[in-house]
>>> print(open('entry-v7.txt').read())   # compact mmCIF, C-alpha atoms and all ligand atoms
# COMPACT_ATOMS: atom_id res chain seq x y z
CA MET Q 21 88.01 80.28 85.76
CA SER Q 22 91.52 81.30 84.57
CA LYS Q 23 94.16 82.12 87.18
CA ILE Q 24 94.12 85.76 86.06
CA GLN Q 25 90.35 85.88 86.47
CA GLU Q 26 90.77 84.44 89.97
CA VAL Q 27 93.22 87.26 90.76
CA ALA Q 28 90.76 89.83 89.38
CA THR Q 29 87.88 88.43 91.40
CA ALA Q 30 89.99 88.42 94.58
CA VAL Q 31 90.94 92.09 94.13
CA GLU Q 32 87.39 93.09 93.28
CA SER Q 33 86.01 91.34 96.35
CA GLY Q 34 88.90 92.33 98.66
CA LYS Q 35 90.27 88.88 99.47
CA VAL Q 36 93.40 90.23 101.18
CA LYS Q 37 94.42 86.89 102.69
CA LEU Q 38 94.14 84.97 99.40
CA ILE Q 39 95.71 87.37 96.94
CA GLU Q 40 99.39 86.49 97.42
CA ASP Q 41 98.76 82.79 96.81
CA LEU Q 42 96.53 83.52 93.83
CA VAL Q 43 99.10 85.79 92.16
CA GLN Q 44 101.81 83.20 92.83
CA ALA Q 45 99.58 80.48 91.37
CA ALA Q 46 99.06 82.57 88.22
CA LEU Q 47 102.84 83.06 87.91
CA ASP Q 48 103.41 79.33 88.46
CA ALA Q 49 100.86 78.56 85.76
CA GLY Q 50 102.94 80.62 83.32
CA ASP Q 51 100.80 83.75 83.13
CA ALA Q 52 102.86 86.83 82.20
CA PRO Q 53 103.40 89.30 85.07
CA ASP Q 54 102.12 92.25 83.01
CA ALA Q 55 98.97 90.29 82.09
CA ILE Q 56 98.35 89.47 85.77
CA LEU Q 57 98.78 93.18 86.53
CA ASN Q 58 96.77 94.66 83.65
CA ASP Q 59 94.09 92.05 82.89
CA GLY Q 60 93.80 90.91 86.50
CA MET Q 61 94.41 93.61 89.08
CA ILE Q 62 94.06 96.90 87.15
CA ALA Q 63 90.94 95.64 85.37
CA ALA Q 64 89.46 94.68 88.74
CA MET Q 65 90.09 98.17 90.13
CA GLY Q 66 88.19 99.57 87.15
CA ILE Q 67 85.20 97.44 88.15
CA VAL Q 68 85.58 98.55 91.77
CA GLY Q 69 85.49 102.19 90.62
CA ALA Q 70 82.39 101.60 88.50
CA LYS Q 71 80.60 99.88 91.41
CA PHE Q 72 81.53 102.78 93.71
CA GLN Q 73 80.14 105.25 91.20
CA ALA Q 74 76.92 103.23 90.99
CA ASN Q 75 76.64 103.24 94.82
CA GLU Q 76 76.91 99.46 94.88
CA ILE Q 77 79.97 99.62 97.17
CA PHE Q 78 81.39 102.33 99.43
CA VAL Q 79 84.77 103.71 100.58
CA PRO Q 80 85.56 100.81 102.99
CA GLU Q 81 85.17 98.27 100.16
CA MET Q 82 87.36 100.43 97.88
CA LEU Q 83 90.00 100.52 100.63
CA VAL Q 84 90.02 96.74 101.03
CA ALA Q 85 90.27 96.29 97.25
CA ALA Q 86 93.21 98.72 97.22
CA LYS Q 87 94.91 96.87 100.08
CA THR Q 88 94.40 93.59 98.22
CA MET Q 89 95.89 94.98 95.03
CA LYS Q 90 98.93 96.36 96.89
CA LYS Q 91 99.64 92.93 98.37
CA GLY Q 92 99.31 91.34 94.95
CA VAL Q 93 101.66 93.87 93.38
CA GLU Q 94 104.30 93.01 96.00
CA VAL Q 95 104.31 89.40 94.73
CA LEU Q 96 104.71 90.67 91.16
CA ARG Q 97 107.34 93.28 92.01
CA PRO Q 98 110.45 91.07 91.51
CA HIS Q 99 109.03 89.91 88.19
CA LEU Q 100 108.42 93.45 86.94
CA ALA Q 101 111.48 95.27 88.28
CA GLY Q 102 114.73 95.38 86.28
CA ASP Q 103 118.23 95.30 87.71
CA ALA Q 104 119.90 98.47 86.53
CA VAL Q 105 118.54 100.78 89.22
CA GLY Q 106 119.93 104.30 89.03
CA LYS Q 107 121.75 104.21 85.69
CA HIS Q 108 119.55 106.99 84.24
CA GLY Q 109 119.63 109.20 87.37
CA LYS Q 110 116.91 110.00 89.88
CA VAL Q 111 113.17 110.58 89.60
CA VAL Q 112 111.14 112.35 92.26
CA ILE Q 113 107.54 111.13 92.29
CA GLY Q 114 104.45 111.83 94.36
CA THR Q 115 100.67 112.11 94.39
CA VAL Q 116 99.69 115.76 94.53
CA SER Q 117 98.31 117.66 97.50
CA GLY Q 118 94.81 116.64 98.61
CA ASP Q 119 94.96 113.28 96.83
CA LEU Q 120 95.45 110.00 98.70
CA HIS Q 121 95.41 107.58 95.75
CA ASP Q 122 98.75 105.84 95.43
CA ILE Q 123 98.34 102.56 93.56
CA GLY Q 124 98.84 104.08 90.10
CA LYS Q 125 101.69 106.27 91.39
CA ASN Q 126 103.35 103.21 92.95
CA LEU Q 127 103.08 101.31 89.67
CA VAL Q 128 104.60 104.22 87.77
CA ALA Q 129 107.43 104.31 90.35
CA LEU Q 130 107.98 100.56 89.98
CA MET Q 131 108.09 100.67 86.17
CA ILE Q 132 110.34 103.74 86.13
CA GLU Q 133 112.68 102.03 88.58
CA SER Q 134 112.72 98.94 86.40
CA ALA Q 135 113.67 101.15 83.45
CA GLY Q 136 116.87 102.12 85.30
CA PHE Q 137 116.10 105.13 87.48
CA GLU Q 138 116.51 105.59 91.22
CA VAL Q 139 113.09 106.64 92.50
CA ILE Q 140 112.52 109.03 95.38
CA ASP Q 141 108.91 108.47 96.38
CA LEU Q 142 107.41 111.42 98.27
CA GLY Q 143 104.17 109.54 98.96
CA VAL Q 144 100.66 110.95 98.75
CA ASP Q 145 99.13 114.35 99.51
CA VAL Q 146 102.43 116.00 98.61
CA PRO Q 147 102.50 119.82 98.77
CA ALA Q 148 103.97 121.57 95.73
CA GLU Q 149 106.86 122.95 97.83
CA LYS Q 150 107.90 119.43 98.79
CA PHE Q 151 108.35 118.50 95.11
CA VAL Q 152 110.52 121.61 94.69
CA GLU Q 153 112.58 120.85 97.82
CA ALA Q 154 113.17 117.25 96.75
CA VAL Q 155 114.31 118.26 93.26
CA LYS Q 156 116.70 120.87 94.66
CA ALA Q 157 118.06 118.50 97.30
CA ASN Q 158 118.89 115.94 94.59
CA PRO Q 159 121.12 117.45 91.90
CA THR Q 160 121.12 114.16 89.93
CA CYS Q 161 117.34 114.18 89.78
CA LYS Q 162 116.30 114.48 86.14
CA ILE Q 163 112.54 114.01 86.31
CA ALA Q 164 109.76 115.22 88.60
CA ALA Q 165 106.65 113.05 88.24
CA ALA Q 166 103.23 113.93 89.64
CA SER Q 167 100.11 111.79 89.83
CA ALA Q 168 96.49 112.88 90.43
CA LEU Q 169 93.36 110.70 90.50
CA LEU Q 170 90.66 113.22 91.35
CA THR Q 171 89.25 115.93 89.14
CA THR Q 172 89.34 118.09 92.28
CA THR Q 173 93.13 117.66 92.61
CA MET Q 174 93.89 118.67 89.01
CA ASP Q 175 94.37 122.18 90.43
CA SER Q 176 97.01 120.82 92.82
CA MET Q 177 98.72 119.26 89.81
CA LYS Q 178 98.66 122.66 88.10
CA ASN Q 179 100.09 124.34 91.25
CA THR Q 180 102.80 121.69 91.53
CA VAL Q 181 103.96 122.23 87.95
CA LYS Q 182 103.81 126.01 88.44
CA ALA Q 183 105.85 125.80 91.65
CA LEU Q 184 108.51 123.72 89.89
CA ILE Q 185 108.63 126.17 86.97
CA ASP Q 186 108.68 129.26 89.24
CA ALA Q 187 111.51 127.78 91.33
CA GLY Q 188 113.62 127.32 88.18
CA CYS Q 189 113.54 123.52 88.38
CA LYS Q 190 112.92 123.21 84.64
CA ASN Q 191 116.65 123.87 84.19
CA GLN Q 192 117.26 120.61 86.02
CA VAL Q 193 114.28 118.32 85.49
CA LYS Q 194 111.60 117.39 82.98
CA ILE Q 195 108.11 117.34 84.47
CA MET Q 196 105.90 114.29 83.87
CA VAL Q 197 102.22 114.12 84.82
CA GLY Q 198 99.54 111.43 84.76
CA GLY Q 199 96.54 109.86 86.44
CA ALA Q 200 92.98 109.09 85.38
CA PRO Q 201 91.62 112.67 84.93
CA ILE Q 202 94.81 114.02 83.30
CA THR Q 203 94.99 114.47 79.52
CA GLN Q 204 97.62 115.56 77.03
CA ASP Q 205 95.75 118.86 76.57
CA PHE Q 206 95.76 119.50 80.33
CA ALA Q 207 99.47 118.65 80.53
CA ASN Q 208 100.19 121.13 77.72
CA GLU Q 209 98.02 123.78 79.35
CA ILE Q 210 99.85 123.60 82.71
CA GLY Q 211 103.34 123.46 81.20
CA ALA Q 212 104.33 119.85 81.91
CA ASP Q 213 106.90 118.27 79.61
CA ALA Q 214 105.13 114.94 79.25
CA TYR Q 215 101.85 113.15 79.85
CA THR Q 216 101.50 109.38 79.68
CA PRO Q 217 98.33 107.33 80.22
CA ASP Q 218 99.84 104.37 82.07
CA ALA Q 219 102.83 103.12 84.02
CA GLY Q 220 104.46 101.28 81.13
CA ALA Q 221 104.27 104.32 78.87
CA ALA Q 222 105.60 106.49 81.72
CA ALA Q 223 108.75 104.36 81.98
CA VAL Q 224 109.35 104.50 78.22
CA LYS Q 225 108.80 108.27 78.18
CA ALA Q 226 111.11 108.81 81.18
CA VAL Q 227 113.99 107.12 79.35
CA GLN Q 228 113.25 109.18 76.20
CA LEU Q 229 113.25 112.40 78.21
CA VAL Q 230 116.77 111.85 79.56
CA SER Q 231 118.31 110.31 76.41
CO1 LIG Q 301 88.95 106.83 95.04
N1 LIG Q 301 88.11 107.66 93.50
N2 LIG Q 301 88.24 108.21 96.22
N3 LIG Q 301 89.68 105.77 96.47
N4 LIG Q 301 89.19 105.44 93.77
C1 LIG Q 301 88.38 107.09 92.18
C2 LIG Q 301 89.61 107.76 91.56
C3 LIG Q 301 87.04 107.40 91.41
C4 LIG Q 301 87.22 107.53 89.88
C5 LIG Q 301 85.96 106.34 91.78
C6 LIG Q 301 84.66 106.58 91.06
O1 LIG Q 301 83.88 107.40 91.49
N5 LIG Q 301 84.42 105.89 89.96
C7 LIG Q 301 86.58 108.75 92.09
C8 LIG Q 301 87.14 110.03 91.46
C9 LIG Q 301 86.07 110.78 90.70
C10 LIG Q 301 86.63 112.03 90.10
O2 LIG Q 301 87.34 112.78 90.69
N6 LIG Q 301 86.26 112.24 88.86
C11 LIG Q 301 87.11 108.56 93.50
C12 LIG Q 301 86.63 109.25 94.64
C13 LIG Q 301 85.43 110.14 94.40
C14 LIG Q 301 87.22 109.12 95.92
C15 LIG Q 301 86.82 109.82 97.22
C16 LIG Q 301 86.47 111.32 97.06
C17 LIG Q 301 85.63 109.01 97.82
C18 LIG Q 301 85.03 109.59 99.07
O3 LIG Q 301 85.69 109.73 100.06
N7 LIG Q 301 83.78 109.91 98.95
C19 LIG Q 301 88.06 109.62 98.10
C20 LIG Q 301 89.10 110.73 97.94
C21 LIG Q 301 90.25 110.60 98.91
C22 LIG Q 301 91.40 111.54 98.55
O4 LIG Q 301 92.24 111.18 97.74
N8 LIG Q 301 91.43 112.73 99.12
C23 LIG Q 301 88.59 108.35 97.53
C24 LIG Q 301 89.28 107.39 98.28
C25 LIG Q 301 89.75 106.19 97.78
C26 LIG Q 301 90.38 105.12 98.68
C27 LIG Q 301 91.31 105.70 99.75
C28 LIG Q 301 89.28 104.35 99.33
C29 LIG Q 301 91.07 104.21 97.60
C30 LIG Q 301 92.55 104.57 97.32
C31 LIG Q 301 93.51 103.70 98.08
C32 LIG Q 301 94.93 103.90 97.61
O5 LIG Q 301 95.22 104.37 96.51
N9 LIG Q 301 95.84 103.55 98.49
C33 LIG Q 301 90.30 104.57 96.34
C34 LIG Q 301 90.29 103.77 95.15
C35 LIG Q 301 90.91 102.40 95.29
C36 LIG Q 301 89.73 104.22 93.94
C37 LIG Q 301 89.57 103.45 92.60
C38 LIG Q 301 88.46 102.45 92.78
C39 LIG Q 301 90.80 102.73 92.09
C40 LIG Q 301 92.04 103.60 91.94
C41 LIG Q 301 93.18 102.73 91.54
O6 LIG Q 301 94.02 102.41 92.35
N10 LIG Q 301 93.19 102.26 90.26
C42 LIG Q 301 89.21 104.62 91.61
C43 LIG Q 301 88.34 104.19 90.45
C44 LIG Q 301 89.13 103.86 89.22
O7 LIG Q 301 90.29 104.18 89.06
N11 LIG Q 301 88.50 103.28 88.26
C45 LIG Q 301 88.80 105.71 92.52
C46 LIG Q 301 94.18 101.33 89.75
C47 LIG Q 301 95.42 102.11 89.32
C48 LIG Q 301 96.45 101.16 88.76
O8 LIG Q 301 95.02 103.01 88.32
O9 LIG Q 301 95.54 105.04 89.74
O10 LIG Q 301 94.39 105.28 87.46
P1 LIG Q 301 95.35 104.57 88.36
O11 LIG Q 301 96.79 104.64 87.69
C49 LIG Q 301 96.98 104.34 86.32
C50 LIG Q 301 96.93 105.57 85.39
O12 LIG Q 301 96.06 106.58 85.85
C51 LIG Q 301 98.36 105.97 85.27
O13 LIG Q 301 99.10 104.75 85.42
C52 LIG Q 301 98.38 103.82 86.23
C53 LIG Q 301 98.30 102.43 85.59
O14 LIG Q 301 99.26 102.07 84.74
N12 LIG Q 301 98.96 106.95 86.18
C54 LIG Q 301 100.01 107.68 85.74
C55 LIG Q 301 98.71 107.25 87.45
N13 LIG Q 301 99.57 108.18 87.86
C56 LIG Q 301 100.39 108.46 86.86
C57 LIG Q 301 101.48 109.33 86.75
C58 LIG Q 301 102.16 109.38 85.53
C59 LIG Q 301 101.76 108.61 84.45
C60 LIG Q 301 100.70 107.75 84.54
O15 LIG Q 301 103.22 110.18 85.32
C61 LIG Q 301 103.79 110.86 86.41
>>> encode(input="entry-v7.txt", output="structure tokens", more="lines below")
Ligand code: B1M
Amino acid sequence: MSKIQEVATAVESGKVKLIEDLVQAALDAGDAPDAILNDGMIAAMGIVGAKFQANEIFVPEMLVAAKTMKKGVEVLRPHLAGDAVGKHGKVVIGTVSGDLHDIGKNLVALMIESAGFEVIDLGVDVPAEKFVEAVKANPTCKIAAASALLTTTMDSMKNTVKALIDAGCKNQVKIMVGGAPITQDFANEIGADAYTPDAGAAAVKAVQLVS
């Protein structure tokens, strides 16, 4: 079994205690950090989601897989993050109200930071007003980024973008949205400035938006 496959299997089966060593072993073996992330951990979370949908596993198993992935990402973090933090200004990011999923949002934050932004992470279950407050409290903030993982929280995403527009924040920031159920059409419909499908694309788009 390849080192990346070992990482994937550990995430899928929630081997919290083993994951740090396995990710380090993959790095030591010369596997690229983005391959460990994408082909190992993110792929494993896809399998976890499919098993949940098929009623083969339940919320506790999903939680342990998520905890395992977070630990693994911490080992990768220094290998993914750049060193020019803040040169492009600030980004406010959060998972929208009613939604507790934060792994994708954290990856987007990490990649955006590595592209040279200072990231203000508002966490999960973030009310629309909190996005507005954070943008207004940070005059050098140039992007507001919102993540949603549930079809049921797409409405919160819509409300968040509306609140930012209604509060006049579009004069200050570009609004980026993403997450599994979000599409370019939905982003257009709710008035966001940009949609990207993954964390890498989000970082590239963030730089384009402020250049
Ligand atoms: Co949840 N969950 N979950 N879950 N969970 C999903 C999302 C689900 C698809 C599983 C399934 O049924 N197949 C399903 C949603 C179905 C739907 O709405 N259509 C689901 C459900 C139903 C639920 C609950 C309702 C279950 C329940 O309680 N009965 C519940 C809801 C809780 C809530 O939020 N209110 C729930 C709970 C949980 C846990 C807490 C147990 C846990 C989350 C732990 C955590 O995040 N700290 C969890 C997990 C782990 C998952 C799955 C398995 C994995 C999510 C993940 O981290 N993926 C997920 C199934 C799946 O995704 N296949 C599932 C890896 C991550 C890297 O990908 O977050 O998609 P992702 O991020 C990607 C892109 O989407 C994008 O970039 C990232 C990668 O590069 N992206 C952006 C994300 N945000 C972006 C923002 C951007 C740009 C790109 O710009 C701003």
>>> residues_around(input="entry-v7.txt", residues="Q:Lys110", least_positions_apart="6", cutoff="6 Å", atoms="all atoms listed in the file", output="tab-separated table (two decimals) with C-alpha atoms, keeping the file's coordinate frame")
chain	number	residue	atom	x	y	z
Q	137	PHE	CA	116.10	105.13	87.48
Q	138	GLU	CA	116.51	105.59	91.22
Q	139	VAL	CA	113.09	106.64	92.50
Q	160	THR	CA	121.12	114.16	89.93
Q	161	CYS	CA	117.34	114.18	89.78
Q	162	LYS	CA	116.30	114.48	86.14
>>> closest_residue(input="entry-v7.txt", among="Q:Gln44, Q:Pro80, Q:Val155, Q:Ala135", to="Q:Asn191", atoms="only C-alpha atoms")
Q:Val155
>>> residues_near_point(input="entry-v7.txt", point="(96.9, 90.5, 82.7)", cutoff="12 Å", atoms="all atoms listed in the file", output="PyMOL selection string")
chain Q and resi 22-28+43+46-47+50-64+96
>>> residues_near_ligand(input="entry-v7.txt", ligand="ligand LIG 301 (chain Q)", cutoff="7 Å", atoms="only C-alpha atoms and all ligand atoms", output="ChimeraX atom specification")
/Q:62,65-70,72-73,79-80,82-83,85-87,113,118-125,127-128,165-172,196-201,215-220,222
>>> residues_around(input="entry-v7.txt", residues="Q:Ile195", least_positions_apart="4", cutoff="6 Å", atoms="only C-alpha atoms", output="CSV table (one decimal) with C-alpha atoms, keeping the file's coordinate frame")
chain,number,residue,atom,x,y,z
Q,163,ILE,CA,112.5,114.0,86.3
Q,164,ALA,CA,109.8,115.2,88.6
Q,165,ALA,CA,106.6,113.0,88.2
Q,212,ALA,CA,104.3,119.8,81.9
Q,213,ASP,CA,106.9,118.3,79.6
>>> closest_residue(input="entry-v7.txt", among="Q:Val224, Q:Ala157, Q:Val116, Q:Val181", to="Q:Lys194", atoms="all atoms listed in the file")
Q:Val181
>>> atom_distance(input="entry-v7.txt", atom1="atom CA of Q:Ile210", atom2="atom CA of Q:Leu142")
21.2 Å
>>> atom_distance(input="entry-v7.txt", atom1="atom CA of Q:Leu130", atom2="atom CA of Q:Pro98")
9.9 Å
>>> axis_aligned_box(input="entry-v7.txt", around="stretch 177-188 of chain Q", padding_each_side="8 Å", output="AutoDock Vina command-line options")
--center_x 106.1 --center_y 124.3 --center_z 89.3 --size_x 31.0 --size_y 26.0 --size_z 20.7
>>> atom_distance(input="entry-v7.txt", atom1="atom CA of Q:Gln192", atom2="atom CA of Q:Asn208")
19.0 Å
>>> closest_residue(input="entry-v7.txt", among="Q:Lys91, Q:Lys156, Q:Lys71, Q:Lys190", to="Q:Leu42", atoms="only C-alpha atoms")
Q:Lys91
>>> closest_residue(input="entry-v7.txt", among="Q:Val93, Q:Val146, Q:Val227, Q:Cys189", to="Q:Asn158", atoms="all atoms listed in the file")
Q:Cys189
>>> closest_residue(input="entry-v7.txt", among="Q:Ala187, Q:Ala129, Q:Val84, Q:Ala49", to="Q:Ser33", atoms="all atoms listed in the file")
Q:Val84
>>> closest_residue(input="entry-v7.txt", among="Q:Ala214, Q:Ala45, Q:Val144, Q:Met131", to="Q:Arg97", atoms="all atoms listed in the file")
Q:Met131
